[in-house]
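S.K.: Here you go, this is query_33.txt (compact mmCIF, C-alpha atoms and all ligand atoms).
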# COMPACT_ATOMS: atom_id res chain seq x y z
CA MET J 53 20.08 -5.63 21.54
CA SER J 54 17.02 -6.67 23.41
CA ALA J 55 15.51 -9.49 21.41
CA HIS J 56 12.38 -9.74 23.49
CA PRO J 57 9.18 -10.11 21.49
CA GLN J 58 7.28 -6.85 21.38
CA GLU J 59 3.64 -6.25 20.64
CA PRO J 60 2.87 -3.56 18.09
CA GLN J 61 2.16 -0.44 20.10
CA GLN J 62 -0.43 2.16 19.32
CA SER J 63 -0.37 5.79 20.27
CA SER J 64 -2.52 6.57 23.26
CA GLY J 65 -6.14 7.41 22.60
CA PRO J 66 -8.96 5.36 21.15
CA ALA J 67 -7.99 2.26 19.13
CA ARG J 68 -7.99 3.05 15.42
CA LYS J 69 -9.82 0.92 12.89
CA PRO J 70 -7.64 -0.89 10.33
CA VAL J 71 -7.39 1.26 7.20
CA THR J 72 -9.09 -0.09 4.07
CA PRO J 73 -9.23 1.12 0.44
CA PRO J 74 -12.81 2.45 0.93
CA MET J 75 -11.56 4.45 3.94
CA LEU J 76 -8.93 6.06 1.72
CA ALA J 77 -11.67 6.99 -0.76
CA GLU J 78 -13.60 8.57 2.13
CA MET J 79 -10.50 10.51 3.16
CA LYS J 80 -10.13 11.82 -0.40
CA ALA J 81 -13.80 12.84 -0.45
CA ALA J 82 -13.40 14.60 2.90
CA GLY J 83 -10.21 16.35 1.80
CA GLN J 84 -8.29 14.62 4.59
CA PRO J 85 -4.63 14.14 3.55
CA ILE J 86 -3.46 10.53 3.34
CA VAL J 87 -0.11 9.78 4.99
CA MET J 88 1.85 6.96 3.37
CA VAL J 89 5.38 5.84 4.11
CA THR J 90 7.60 2.91 3.21
CA ALA J 91 8.82 0.38 5.77
CA TYR J 92 11.05 -2.64 5.36
CA ASP J 93 11.40 -4.14 8.82
CA HIS J 94 9.72 -4.71 12.16
CA PRO J 95 11.07 -1.73 14.14
CA SER J 96 10.15 0.80 11.45
CA ALA J 97 6.71 -0.82 11.16
CA GLN J 98 6.21 -0.35 14.91
CA ILE J 99 7.18 3.32 14.63
CA VAL J 100 4.81 4.09 11.77
CA GLU J 101 2.04 2.16 13.55
CA GLU J 102 2.56 4.26 16.68
CA GLU J 103 2.52 7.47 14.69
CA GLY J 104 -0.80 6.71 13.02
CA VAL J 105 0.34 6.51 9.40
CA ASP J 106 -2.50 5.52 7.03
CA VAL J 107 -0.71 3.41 4.40
CA VAL J 108 2.56 1.49 4.61
CA LEU J 109 4.33 0.41 1.45
CA VAL J 110 6.94 -2.31 1.49
CA GLY J 111 8.53 -0.66 -1.52
CA ASP J 112 10.99 -2.26 -3.87
CA SER J 113 13.08 0.76 -2.90
CA ALA J 114 14.21 -1.74 -0.24
CA ALA J 115 16.62 -2.92 -2.93
CA MET J 116 18.56 0.31 -2.49
CA THR J 117 17.72 1.41 1.05
CA VAL J 118 18.32 -1.85 2.90
CA LEU J 119 19.86 -4.39 0.51
CA GLY J 120 22.55 -2.22 -1.06
CA TYR J 121 21.68 -2.76 -4.74
CA ASP J 122 22.26 0.09 -7.22
CA SER J 123 18.65 0.16 -8.40
CA THR J 124 15.28 -1.44 -7.63
CA VAL J 125 15.64 -3.91 -10.50
CA PRO J 126 17.57 -6.79 -8.85
CA ILE J 127 15.32 -7.37 -5.83
CA GLY J 128 13.27 -10.56 -6.07
CA MET J 129 10.04 -11.98 -4.71
CA GLU J 130 11.66 -13.94 -1.87
CA GLU J 131 13.47 -10.86 -0.57
CA MET J 132 10.35 -8.72 -0.83
CA LEU J 133 8.18 -11.33 0.90
CA MET J 134 10.60 -11.67 3.80
CA LEU J 135 10.64 -7.89 4.35
CA ALA J 136 6.86 -7.60 3.96
CA ALA J 137 6.24 -10.37 6.51
CA ALA J 138 8.50 -8.59 9.02
CA VAL J 139 6.58 -5.35 8.49
CA ARG J 140 3.25 -7.17 8.86
CA ARG J 141 4.31 -8.42 12.30
CA GLY J 142 4.78 -4.81 13.45
CA LEU J 143 1.51 -3.40 12.07
CA ARG J 144 -2.12 -3.50 13.02
CA THR J 145 -3.77 -0.42 11.62
CA PRO J 146 -2.30 0.99 8.39
CA LEU J 147 -3.15 -0.54 5.02
CA LEU J 148 -0.15 -2.70 4.10
CA VAL J 149 0.84 -2.58 0.43
CA GLY J 150 3.46 -4.89 -1.07
CA ASP J 151 5.37 -3.71 -4.13
CA LEU J 152 5.53 -6.26 -6.96
CA PRO J 153 9.22 -6.40 -7.90
CA PHE J 154 10.52 -6.08 -11.45
CA GLY J 155 10.02 -9.34 -13.35
CA SER J 156 7.26 -10.66 -11.08
CA TYR J 157 4.23 -9.41 -13.02
CA GLU J 158 5.04 -8.17 -16.51
CA GLY J 159 5.03 -11.60 -18.22
CA SER J 160 1.32 -12.41 -18.07
CA ASN J 161 -1.84 -11.79 -16.07
CA GLU J 162 -1.41 -15.26 -14.54
CA GLN J 163 2.09 -14.41 -13.34
CA ALA J 164 0.87 -11.09 -11.94
CA VAL J 165 -2.05 -12.67 -10.04
CA ALA J 166 0.18 -15.46 -8.68
CA SER J 167 2.77 -12.94 -7.42
CA ALA J 168 0.09 -10.72 -5.89
CA GLN J 169 -1.44 -13.73 -4.13
CA ARG J 170 1.94 -14.58 -2.59
CA PHE J 171 2.12 -11.09 -1.03
CA VAL J 172 -1.31 -11.62 0.51
CA LYS J 173 -0.99 -15.27 1.55
CA GLU J 174 2.66 -15.45 2.60
CA ALA J 175 3.34 -11.91 3.87
CA GLY J 176 -0.12 -10.82 5.01
CA CYS J 177 -0.30 -7.75 2.75
CA ASP J 178 -3.66 -6.06 2.22
CA ALA J 179 -2.88 -4.82 -1.29
CA ILE J 180 -0.13 -4.71 -3.91
CA LYS J 181 1.41 -1.98 -6.06
CA LEU J 182 2.71 -2.22 -9.60
CA GLU J 183 4.39 0.30 -11.89
CA ARG J 184 3.52 1.96 -15.23
CA GLY J 185 0.65 1.97 -17.66
CA GLY J 186 0.75 -0.11 -20.88
CA ALA J 187 0.67 -3.84 -20.17
CA SER J 188 0.50 -3.11 -16.43
CA VAL J 189 -3.07 -1.87 -16.92
CA ASP J 190 -4.17 -5.39 -17.89
CA ARG J 191 -2.18 -6.87 -15.02
CA ALA J 192 -3.81 -4.44 -12.59
CA ARG J 193 -7.27 -5.38 -13.88
CA ALA J 194 -6.53 -9.11 -13.53
CA ILE J 195 -5.24 -8.70 -9.96
CA ALA J 196 -8.21 -6.53 -8.95
CA GLU J 197 -10.58 -9.09 -10.49
CA ALA J 198 -8.83 -11.78 -8.44
CA GLY J 199 -9.93 -9.82 -5.36
CA ILE J 200 -6.66 -8.14 -4.41
CA PRO J 201 -6.65 -4.32 -4.12
CA VAL J 202 -4.13 -2.77 -6.53
CA MET J 203 -2.28 0.53 -6.32
CA GLY J 204 -0.87 1.98 -9.56
CA HIS J 205 2.30 4.05 -9.99
CA VAL J 206 2.98 6.53 -12.81
CA GLY J 207 5.45 9.29 -13.62
CA LEU J 208 8.96 8.26 -12.64
CA THR J 209 8.76 4.48 -12.40
CA PRO J 210 12.13 3.36 -11.02
CA GLN J 211 11.88 -0.22 -12.36
CA THR J 212 12.09 1.21 -15.89
CA ALA J 213 14.09 4.35 -15.13
CA THR J 214 16.64 3.51 -17.84
CA ALA J 215 13.94 3.66 -20.51
CA LEU J 216 12.79 6.99 -19.04
CA GLY J 217 16.26 8.48 -19.33
CA GLY J 218 17.27 7.98 -15.70
CA PHE J 219 15.98 9.05 -12.31
CA LYS J 220 14.48 12.37 -13.34
CA ALA J 221 11.18 14.21 -13.29
CA GLN J 222 8.61 13.04 -15.84
CA GLY J 223 5.86 15.06 -17.51
CA LYS J 224 7.97 18.09 -18.31
CA THR J 225 6.84 18.03 -21.96
CA SER J 226 3.16 18.08 -22.96
CA GLU J 227 3.63 14.69 -24.60
CA GLN J 228 5.01 13.13 -21.41
CA ALA J 229 2.32 14.83 -19.32
CA ALA J 230 -0.38 13.41 -21.64
CA GLN J 231 1.13 9.97 -21.21
CA ILE J 232 1.06 10.26 -17.41
CA ALA J 233 -2.58 11.39 -17.52
CA SER J 234 -3.56 8.56 -19.92
CA GLU J 235 -1.79 5.94 -17.80
CA ALA J 236 -3.37 7.21 -14.58
CA LEU J 237 -6.84 7.19 -16.14
CA ALA J 238 -6.34 3.71 -17.59
CA LEU J 239 -5.19 2.35 -14.21
CA GLN J 240 -8.17 4.02 -12.55
CA GLU J 241 -10.52 2.39 -15.07
CA ALA J 242 -8.78 -0.95 -14.53
CA GLY J 243 -9.82 -0.87 -10.88
CA CYS J 244 -6.83 0.55 -8.99
CA PHE J 245 -7.94 1.89 -5.61
CA ALA J 246 -5.16 4.52 -5.54
CA ILE J 247 -2.33 5.72 -7.74
CA VAL J 248 1.15 7.01 -6.89
CA PHE J 249 2.42 9.97 -8.94
CA GLU J 250 6.22 10.16 -8.70
CA ALA J 251 8.42 13.10 -9.77
CA VAL J 252 5.77 14.96 -11.75
CA PRO J 253 5.72 18.78 -11.99
CA ALA J 254 3.22 20.19 -9.49
CA ALA J 255 1.26 22.05 -12.19
CA ILE J 256 0.83 18.87 -14.25
CA THR J 257 -0.44 16.97 -11.20
CA GLU J 258 -2.81 19.81 -10.43
CA ALA J 259 -4.18 19.70 -13.98
CA ILE J 260 -4.75 15.92 -13.82
CA MET J 261 -6.30 15.84 -10.32
CA PRO J 262 -9.85 16.83 -11.36
CA LEU J 263 -9.92 13.68 -13.54
CA MET J 264 -8.98 11.36 -10.71
CA ARG J 265 -11.79 9.60 -8.83
CA VAL J 266 -9.38 7.46 -6.81
CA PRO J 267 -6.89 8.83 -4.26
CA VAL J 268 -3.61 10.04 -5.73
CA ILE J 269 -0.57 9.79 -3.49
CA GLY J 270 2.31 12.00 -4.51
CA ILE J 271 6.05 11.72 -4.12
CA GLY J 272 7.64 14.74 -5.72
CA ALA J 273 4.31 15.56 -7.37
CA GLY J 274 3.41 18.74 -5.48
CA PRO J 275 0.71 19.59 -2.96
CA ALA J 276 -2.42 18.96 -5.07
CA THR J 277 -2.51 15.19 -4.47
CA ASP J 278 -4.71 13.46 -1.89
CA GLY J 279 -1.70 12.37 0.13
CA GLN J 280 2.06 12.08 0.24
CA VAL J 281 4.50 9.18 0.42
CA LEU J 282 8.18 9.25 1.31
CA VAL J 283 10.78 6.55 1.73
CA PHE J 284 11.31 5.88 5.45
CA HIS J 285 15.10 6.08 5.25
CA ASP J 286 14.90 9.43 3.44
CA LEU J 287 12.48 11.12 5.81
CA VAL J 288 14.23 10.03 8.99
CA GLY J 289 17.64 10.92 7.56
CA LEU J 290 19.10 7.42 7.41
CA SER J 291 20.07 7.63 3.73
CA ALA J 292 23.65 8.53 2.91
CA GLY J 293 24.63 10.60 -0.11
CA ARG J 294 22.46 12.78 -2.31
CA SER J 295 18.66 12.61 -2.15
CA PRO J 296 16.12 13.52 -4.81
CA LYS J 297 14.83 17.12 -4.76
CA PHE J 298 11.47 16.03 -3.34
CA VAL J 299 12.93 14.53 -0.16
CA LYS J 300 12.66 16.37 3.10
CA ARG J 301 14.70 14.98 5.99
CA PHE J 302 12.49 15.33 9.06
CA ALA J 303 15.18 13.90 11.36
CA GLU J 304 18.92 13.22 11.27
CA GLY J 305 18.72 9.50 12.06
CA ARG J 306 22.05 8.58 10.48
CA ALA J 307 24.01 11.14 12.49
CA GLU J 308 22.34 9.87 15.66
CA LEU J 309 23.21 6.22 14.83
CA VAL J 310 26.80 7.17 14.03
CA ARG J 311 27.04 8.91 17.42
CA GLY J 312 25.74 5.78 19.15
CA VAL J 313 28.07 3.29 17.44
CA SER J 314 31.03 5.59 17.91
CA ALA J 315 30.34 6.01 21.65
CA TYR J 316 29.92 2.23 22.06
CA ALA J 317 33.23 1.47 20.33
CA ARG J 318 35.00 4.12 22.43
CA GLU J 319 33.61 2.79 25.72
CA VAL J 320 34.51 -0.82 24.92
CA ARG J 321 38.04 0.27 24.06
CA GLU J 322 38.32 2.43 27.18
CA GLY J 323 36.89 -0.34 29.38
CA THR J 324 34.03 1.87 30.62
CA PHE J 325 31.39 -0.42 29.12
CA PRO J 326 29.95 -2.60 30.58
CA ALA J 327 29.52 -0.65 33.82
CA ALA J 328 28.08 -1.82 37.16
CA GLU J 329 24.49 -1.34 36.01
CA HIS J 330 24.97 -3.67 33.01
CA ILE J 331 26.27 -6.72 34.86
CA TYR J 332 24.57 -9.58 36.71
CA SER J 333 25.41 -10.28 40.37
CA VAL J 334 25.75 -13.65 42.08
CA ASP J 335 25.36 -14.66 45.73
CA PRO J 336 28.90 -14.57 47.30
CA ALA J 337 28.36 -18.04 48.83
CA GLU J 338 27.51 -19.47 45.38
CA LEU J 339 30.55 -17.75 43.93
CA ALA J 340 32.83 -19.19 46.62
CA ALA J 341 31.40 -22.68 46.05
CA PHE J 342 31.86 -22.34 42.33
CA ASN J 343 35.46 -21.18 42.73
CA GLU J 344 36.13 -24.18 44.95
CA TRP J 345 34.64 -26.50 42.33
CA LEU J 346 36.62 -24.80 39.62
CA GLU J 347 39.85 -25.30 41.53
CA GLY J 348 39.17 -29.02 41.79
CA ALA J 349 37.96 -29.31 38.22
CA THR J 350 41.09 -27.74 36.78
CA SER J 351 43.59 -29.59 39.02
CA ASP J 352 45.35 -32.73 37.71
CA GLU J 353 42.82 -35.06 39.31
CA GLY J 354 39.92 -32.75 38.58
CA THR J 355 36.75 -33.85 36.89
CA PHE J 356 37.41 -31.73 33.81
CA SER J 357 41.15 -31.99 33.33
CA HIS J 358 42.16 -31.49 29.72
CA ALA J 359 43.36 -35.07 29.37
CA ASP J 360 39.90 -36.44 30.14
CA TRP J 361 38.29 -34.88 27.08
CA ASP J 362 37.17 -37.22 24.40
CA TRP J 363 39.32 -36.32 21.40
CA GLY J 364 38.14 -39.24 19.27
CA PRO J 365 36.33 -38.77 15.95
O1 LIG E 1 9.44 1.53 -3.84
C1 LIG E 1 9.06 2.59 -3.34
O2 LIG E 1 9.51 3.02 -2.28
C2 LIG E 1 8.03 3.34 -4.04
C3 LIG E 1 7.65 4.67 -3.49
C4 LIG E 1 8.66 5.66 -3.84
C5 LIG E 1 6.29 5.08 -3.93
O3 LIG E 1 7.55 2.89 -5.04
Give the structure from this file in structure tokens form.
M.R.:
Amino acid sequence: MSAHPQEPQQSSGPARKPVTPPMLAEMKAAGQPIVMVTAYDHPSAQIVEEEGVDVVLVGDSAAMTVLGYDSTVPIGMEEMLMLAAAVRRGLRTPLLVGDLPFGSYEGSNEQAVASAQRFVKEAGCDAIKLERGGASVDRARAIAEAGIPVMGHVGLTPQTATALGGFKAQGKTSEQAAQIASEALALQEAGCFAIVFEAVPAAITEAIMPLMRVPVIGIGAGPATDGQVLVFHDLVGLSAGRSPKFVKRFAEGRAELVRGVSAYAREVREGTFPAAEHIYSVDPAELAAFNEWLEGATSDEGTFSHADWDWGP
């Protein structure tokens, strides 16, 4: 791999202004769809920067997509901060949102503010996201009052999926739908600048939308929202196994990577890689001189004969 430092690149055309929460409110007012995507590392951050995405979420879905956990619950602050900092280094324009991991904000408003501040100070995030209504409403208010923009998340909230009966659509009963609406309104009142609706029937989202003053970003919530978010690995086809119903694979990234690794392994085994264009040349005179030196160095009286090595402790 080339490990040369790379500047974030922007698509050609006029430089875009960094996206802010007020700009997202303007986009909602103008009926301009908001494009949000997750990212967990520097190369994916560069790609979403180049493609002009509006909001980038370093989601705790990283637990499953890049760290191999079974759910989003085990991921911790240190892991999230490392990923968020890598994403920050690849971004200039989109609003960068860090996802507060399970256990980093529920305990108290003080804990929530301290964790949110770490995302801003240590990883350079512009905003944070937290899940659910209930006690999270107070946490969201405290973080917003501390000057950090907060995004809410209702419907299917993966950190508490067990309590919700698993990874399944929420709001299919009128009672559940009323809960989603109440939580979204409470988070809006608490000062959230935007709210994610996850796995909510399209008709329920549509019914709630007229009540929402802040942008609503949907994932499996139908077309009535102000924008859409998908997990990077899902949309580029890097995820293996089954995907939720709401995922559309816009590329077959995994198949392409498999093709690449397989071709590399084959060529190494066949001896066709590296080829002439991948090797460095040396001046023949320098090579001859080196070979002469090598001959002397490896002879019995040579400067580097085995016996001369210092084997002591
Ligand atoms: O962690 C995540 O990726 C998320 C999105 C699905 C909104 O919370």
S.K.: Would you compute, for all listed atoms of ligand LIG 1 (chain E), the axis-aligned bounding box grown by 3 Å on each side, and then report its centre and edge lengths in Å rounded to one decimal, as JSON?
M.R.:
{"center_x": 7.9, "center_y": 3.6, "center_z": -3.7, "size_x": 9.2, "size_y": 10.1, "size_z": 8.8}
S.K.: List as a list in words the protein and nucleic acid residues lying within 6 Å of ligand LIG 1 (chain E), with only C-alpha atoms and all ligand atoms counted.
M.R.: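 Using only C-alpha atoms and all ligand atoms, I find these residues within 6 Å of ligand LIG 1 (chain E): Thr90, Gly111, Asp112, Ser113 and Val283 of chain J.
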S.K.: Mind checking which residues fall within 12 Å of Glu197 of chain J, counting all atoms listed in the file, ignoring those fewer than 2 positions away in the same chain, and posting them as a PyMOL selection string?
M.R.: chain J and resi 161-162+164-165+168+190-195+199-202+242-244
S.K.: Please identify all polymer residues within 6 Å of His94 of chain J, counting all atoms listed in the file, omitting same-chain residues fewer than 4 positions from it, and present them as a PDB file with C-alpha atoms, in the frame of the given file.
M.R.:
ATOM      1  CA  ALA J 138       8.500  -8.590   9.020  1.00  0.00           C
ATOM      2  CA  VAL J 139       6.580  -5.350   8.490  1.00  0.00           C
ATOM      3  CA  GLY J 142       4.780  -4.810  13.450  1.00  0.00           C
TER       4      GLY J 142
END
S.K.: Which polymer residues have any atom within 10 Å of an atom of Gln211 of chain J, counting all atoms listed in the file, with same-chain residues fewer than 5 positions away left out, as JSON, numbers by chain?
M.R.: {"J": [112, 113, 123, 124, 125, 126, 153, 154, 155, 182, 183, 184, 216]}
S.K.: Between atom CA of Ser156 of chain J and atom CA of Ala136 of chain J, what distance in Å does the model show, to one decimal?
M.R.: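 These two atoms are separated by 15.4 Å.
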S.K.: Between atom CA of Phe298 of chain J and atom CA of Thr72 of chain J, measure the distance and give it in Å to one decimal.
M.R.: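 A separation of 27.2 Å between them.
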S.K.: Between atom CA of Leu148 of chain J and atom CA of Ala259 of chain J, what is the spacing in Å?
M.R.: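 About the pair atom CA of Ala259 of chain J and atom CA of Leu148 of chain J: they are 29.1 Å apart.
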S.K.: Would you pick out the contacts of Val206 of chain J at 9 Å or less, using only C-alpha atoms, so that residues sharing its chain but fewer than 6 positions from it are not included, and give the list as a short mmCIF file (atom, residue, chain, number, x, y, z; two decimals) with C-alpha atoms, in the coordinates of the input?
M.R.:
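Listing of selection00.cif after writing:
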data_model
loop_
_atom_site.label_atom_id
_atom_site.label_comp_id
_atom_site.auth_asym_id
_atom_site.auth_seq_id
_atom_site.Cartn_x
_atom_site.Cartn_y
_atom_site.Cartn_z
CA GLU J 183 4.39 0.30 -11.89
CA ARG J 184 3.52 1.96 -15.23
CA GLY J 185 0.65 1.97 -17.66
CA ILE J 232 1.06 10.26 -17.41
CA ALA J 233 -2.58 11.39 -17.52
CA GLU J 235 -1.79 5.94 -17.80
CA ALA J 236 -3.37 7.21 -14.58
CA ILE J 247 -2.33 5.72 -7.74
CA VAL J 248 1.15 7.01 -6.89
CA PHE J 249 2.42 9.97 -8.94
CA GLU J 250 6.22 10.16 -8.70
CA VAL J 252 5.77 14.96 -11.75
#
S.K.: Given only C-alpha atoms as the basis, pick out the residue of J:Leu76, J:Leu152, J:Val87, J:Ala327 nearest to Val266 of chain J.
M.R.: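 Nearest to Val266 of chain J: J:Leu76.
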S.K.: Tell me which of J:Pro146, J:Leu237, J:Phe342, J:Gln169 sits closest to Val189 of chain J, counting all atoms listed in the file.
M.R.: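 Between J:Pro146, J:Leu237, J:Phe342, J:Gln169, the residue approaching Val189 of chain J most closely is J:Leu237.
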S.K.: List every protein, DNA or RNA residue that has at least one atom no more than 12 Å from (-1.7, -15.5, -2.1) in the file's coordinates, counting all atoms listed in the file, and write the result as a PyMOL selection string.
M.R.: chain J and resi 133+150+163-180+195+198-200
S.K.: As a PyMOL selection string, please: the residues near Gly289 of chain J (cut-off 7 Å, all atoms listed in the file, same-chain neighbours under 3 positions excluded).
M.R.: chain J and resi 285-286+301-306
S.K.: Quick one: segment 98-115 of chain J with N, CA, C and O atoms, as a short mmCIF file (atom, residue, chain, number, x, y, z; two decimals), keeping the file's coordinate frame?
M.R.:
data_model
loop_
_atom_site.label_atom_id
_atom_site.label_comp_id
_atom_site.auth_asym_id
_atom_site.auth_seq_id
_atom_site.Cartn_x
_atom_site.Cartn_y
_atom_site.Cartn_z
N GLN J 98 6.75 -0.74 13.59
CA GLN J 98 6.21 -0.35 14.91
C GLN J 98 6.14 1.17 15.04
O GLN J 98 5.18 1.72 15.58
N ILE J 99 7.16 1.84 14.53
CA ILE J 99 7.18 3.32 14.63
C ILE J 99 6.04 3.92 13.82
O ILE J 99 5.31 4.79 14.31
N VAL J 100 5.85 3.46 12.59
CA VAL J 100 4.81 4.09 11.77
C VAL J 100 3.41 3.72 12.29
O VAL J 100 2.47 4.50 12.18
N GLU J 101 3.31 2.53 12.90
CA GLU J 101 2.04 2.16 13.55
C GLU J 101 1.74 3.14 14.69
O GLU J 101 0.65 3.70 14.79
N GLU J 102 2.75 3.36 15.53
CA GLU J 102 2.56 4.26 16.68
C GLU J 102 2.20 5.67 16.25
O GLU J 102 1.46 6.37 16.93
N GLU J 103 2.74 6.09 15.12
CA GLU J 103 2.52 7.47 14.69
C GLU J 103 1.28 7.64 13.82
O GLU J 103 1.03 8.72 13.28
N GLY J 104 0.51 6.58 13.66
CA GLY J 104 -0.80 6.71 13.02
C GLY J 104 -0.77 6.95 11.52
O GLY J 104 -1.68 7.57 10.96
N VAL J 105 0.27 6.42 10.86
CA VAL J 105 0.34 6.51 9.40
C VAL J 105 -0.83 5.72 8.79
O VAL J 105 -1.28 4.74 9.36
N ASP J 106 -1.33 6.17 7.63
CA ASP J 106 -2.50 5.52 7.03
C ASP J 106 -2.14 4.32 6.15
O ASP J 106 -2.84 3.31 6.15
N VAL J 107 -1.08 4.47 5.36
CA VAL J 107 -0.71 3.41 4.40
C VAL J 107 0.78 3.15 4.52
O VAL J 107 1.58 4.09 4.56
N VAL J 108 1.14 1.87 4.57
CA VAL J 108 2.56 1.49 4.61
C VAL J 108 2.88 0.68 3.36
O VAL J 108 2.18 -0.29 3.06
N LEU J 109 3.90 1.11 2.67
CA LEU J 109 4.33 0.41 1.45
C LEU J 109 5.65 -0.30 1.72
O LEU J 109 6.62 0.34 2.14
N VAL J 110 5.66 -1.62 1.51
CA VAL J 110 6.94 -2.31 1.49
C VAL J 110 7.44 -2.14 0.06
O VAL J 110 7.09 -2.92 -0.84
N GLY J 111 8.14 -1.05 -0.16
CA GLY J 111 8.53 -0.66 -1.52
C GLY J 111 9.71 -1.47 -2.01
O GLY J 111 10.54 -1.92 -1.21
N ASP J 112 9.79 -1.61 -3.34
CA ASP J 112 10.99 -2.26 -3.87
C ASP J 112 12.20 -1.34 -3.76
O ASP J 112 13.32 -1.73 -4.05
N SER J 113 11.96 -0.12 -3.26
CA SER J 113 13.08 0.76 -2.90
C SER J 113 13.95 0.09 -1.83
O SER J 113 15.10 0.50 -1.62
N ALA J 114 13.41 -0.95 -1.18
CA ALA J 114 14.21 -1.74 -0.24
C ALA J 114 15.49 -2.22 -0.89
O ALA J 114 16.52 -2.39 -0.22
N ALA J 115 15.42 -2.46 -2.21
CA ALA J 115 16.62 -2.92 -2.93
C ALA J 115 17.79 -1.99 -2.65
O ALA J 115 18.91 -2.43 -2.42
#
